[in-house]
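Below is one structure; the comments refer to it alone.
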Amino acid sequence: MPEVNVDINGRKYRMACEEGQEEHLLNLAQQFNRYIDGFKGEFGEIGDNRLTVMASIAILDELAEANRKIGELQQDVASLSRAGEAISHEAEALEQKFAKRLNDAARKIEAISQAIDETGAGPGG
């Protein structure tokens, strides 16, 4: 299992990860360290544990917000899917009505054509 050295709040930590995940782990550590640096800039040196807890809670808050938004988007997708299905059913119904009317018109034209043929083929024709 590969190991990566990450830098959090000026300290090096050796962490194991799955093969091929080294770069991802380094990026996550850099993101986390930006939170730490941000809180240090805002509150000063308030202790490693407190900074770590604050950064962790901030990240979990963002995760909760992202999950909330995902839930809303899933509801929107479901709503749009239902609307799409309703439109599809409506289009099918209109298509069936159109086909029936077209078929009725074709029968009438056929009947008129047949009547004209019969009239033209009368006693003198």
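The way I read the labels, and the way they are meant: chains A, B, ... in the order of the structure tokens, residue 1 as the first residue of every chain, and ligand 1 as the first ligand shown, with later ones counted on from there.
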Leaving out Leu25 in chain A and any residue of its chain fewer than 3 positions from it, which residues lie within 10 Å of it when counting only C-alpha atoms, given as a PyMOL selection string? chain A and resi 3-6+15-18+20-22+28-31
Alpha helix (DSSP H) call set, DSSP backbone run, chain A, as a PyMOL selection string: chain A and resi 22-43+48-120
Residues as selected, C-alpha atoms, written as a tab-separated table (two decimals), in the first residue's frame, can you do that?
chain	number	residue	atom	x	y	z
A	22	GLU	CA	-1.61	9.38	-3.90
A	23	GLU	CA	-2.28	12.63	-5.79
A	24	HIS	CA	-5.86	12.72	-4.56
A	25	LEU	CA	-4.73	12.33	-0.95
A	26	LEU	CA	-2.17	15.11	-1.38
A	27	ASN	CA	-4.87	17.40	-2.81
A	28	LEU	CA	-7.24	16.62	0.07
A	29	ALA	CA	-4.49	17.39	2.57
A	30	GLN	CA	-3.78	20.70	0.84
A	31	GLN	CA	-7.47	21.61	0.95
A	32	PHE	CA	-7.65	20.73	4.64
A	33	ASN	CA	-4.51	22.74	5.33
A	34	ARG	CA	-6.11	25.77	3.65
A	35	TYR	CA	-8.93	25.55	6.21
A	36	ILE	CA	-6.38	25.39	9.02
A	37	ASP	CA	-4.49	28.37	7.59
A	38	GLY	CA	-7.73	30.30	7.18
A	39	PHE	CA	-8.72	29.76	10.80
A	40	LYS	CA	-5.20	30.62	11.97
A	41	GLY	CA	-5.43	33.86	10.02
A	42	GLU	CA	-8.84	34.62	11.47
A	43	PHE	CA	-8.34	33.56	15.09
A	48	ASP	CA	-3.64	22.57	17.00
A	49	ASN	CA	-6.51	20.52	18.33
A	50	ARG	CA	-8.94	23.43	18.27
A	51	LEU	CA	-7.88	24.40	14.72
A	52	THR	CA	-8.30	20.82	13.58
A	53	VAL	CA	-11.76	20.55	15.15
A	54	MET	CA	-12.86	23.87	13.66
A	55	ALA	CA	-11.61	22.92	10.19
A	56	SER	CA	-13.27	19.52	10.44
A	57	ILE	CA	-16.60	21.03	11.47
A	58	ALA	CA	-16.38	23.58	8.64
A	59	ILE	CA	-15.78	20.79	6.14
A	60	LEU	CA	-18.64	18.73	7.56
A	61	ASP	CA	-20.89	21.80	7.31
A	62	GLU	CA	-19.99	22.15	3.62
A	63	LEU	CA	-20.61	18.43	3.14
A	64	ALA	CA	-24.02	18.70	4.81
A	65	GLU	CA	-24.91	21.65	2.56
A	66	ALA	CA	-23.72	19.76	-0.52
A	67	ASN	CA	-25.82	16.74	0.50
A	68	ARG	CA	-28.83	19.01	1.01
A	69	LYS	CA	-28.35	20.48	-2.46
A	70	ILE	CA	-27.94	17.00	-3.94
A	71	GLY	CA	-31.24	16.00	-2.32
A	72	GLU	CA	-32.95	19.06	-3.81
A	73	LEU	CA	-31.47	18.30	-7.23
A	74	GLN	CA	-32.61	14.68	-6.99
A	75	GLN	CA	-36.13	15.91	-6.24
A	76	ASP	CA	-35.93	18.31	-9.19
A	77	VAL	CA	-34.77	15.49	-11.46
A	78	ALA	CA	-37.62	13.26	-10.27
A	79	SER	CA	-40.11	16.07	-10.81
A	80	LEU	CA	-38.77	16.78	-14.29
A	81	SER	CA	-38.84	13.07	-15.10
A	82	ARG	CA	-42.49	12.88	-14.07
A	83	ALA	CA	-43.26	15.97	-16.14
A	84	GLY	CA	-41.42	14.45	-19.10
A	85	GLU	CA	-43.42	11.25	-18.77
A	86	ALA	CA	-46.67	13.23	-18.64
A	87	ILE	CA	-45.70	15.16	-21.78
A	88	SER	CA	-44.74	11.92	-23.48
A	89	HIS	CA	-48.12	10.37	-22.64
A	90	GLU	CA	-49.88	13.52	-23.83
A	91	ALA	CA	-47.92	13.44	-27.10
A	92	GLU	CA	-48.82	9.78	-27.60
A	93	ALA	CA	-52.51	10.56	-27.03
A	94	LEU	CA	-52.36	13.44	-29.53
A	95	GLU	CA	-50.57	11.21	-32.02
A	96	GLN	CA	-53.30	8.58	-31.65
A	97	LYS	CA	-56.04	11.21	-32.12
A	98	PHE	CA	-54.25	12.56	-35.19
A	99	ALA	CA	-53.83	9.06	-36.64
A	100	LYS	CA	-57.54	8.33	-36.07
A	101	ARG	CA	-58.61	11.59	-37.74
A	102	LEU	CA	-56.21	11.01	-40.61
A	103	ASN	CA	-57.60	7.50	-41.02
A	104	ASP	CA	-61.18	8.87	-40.93
A	105	ALA	CA	-60.26	11.49	-43.56
A	106	ALA	CA	-58.66	8.82	-45.73
A	107	ARG	CA	-61.85	6.70	-45.53
A	108	LYS	CA	-63.99	9.71	-46.52
A	109	ILE	CA	-61.69	10.52	-49.44
A	110	GLU	CA	-61.82	6.88	-50.49
A	111	ALA	CA	-65.64	6.93	-50.29
A	112	ILE	CA	-65.81	10.16	-52.34
A	113	SER	CA	-63.38	8.73	-54.87
A	114	GLN	CA	-65.44	5.59	-55.14
A	115	ALA	CA	-68.65	7.62	-55.55
A	116	ILE	CA	-67.05	9.70	-58.32
A	117	ASP	CA	-65.86	6.53	-60.04
A	118	GLU	CA	-69.37	5.05	-59.81
A	119	THR	CA	-70.94	8.26	-61.10
A	120	GLY	CA	-68.51	8.39	-63.99
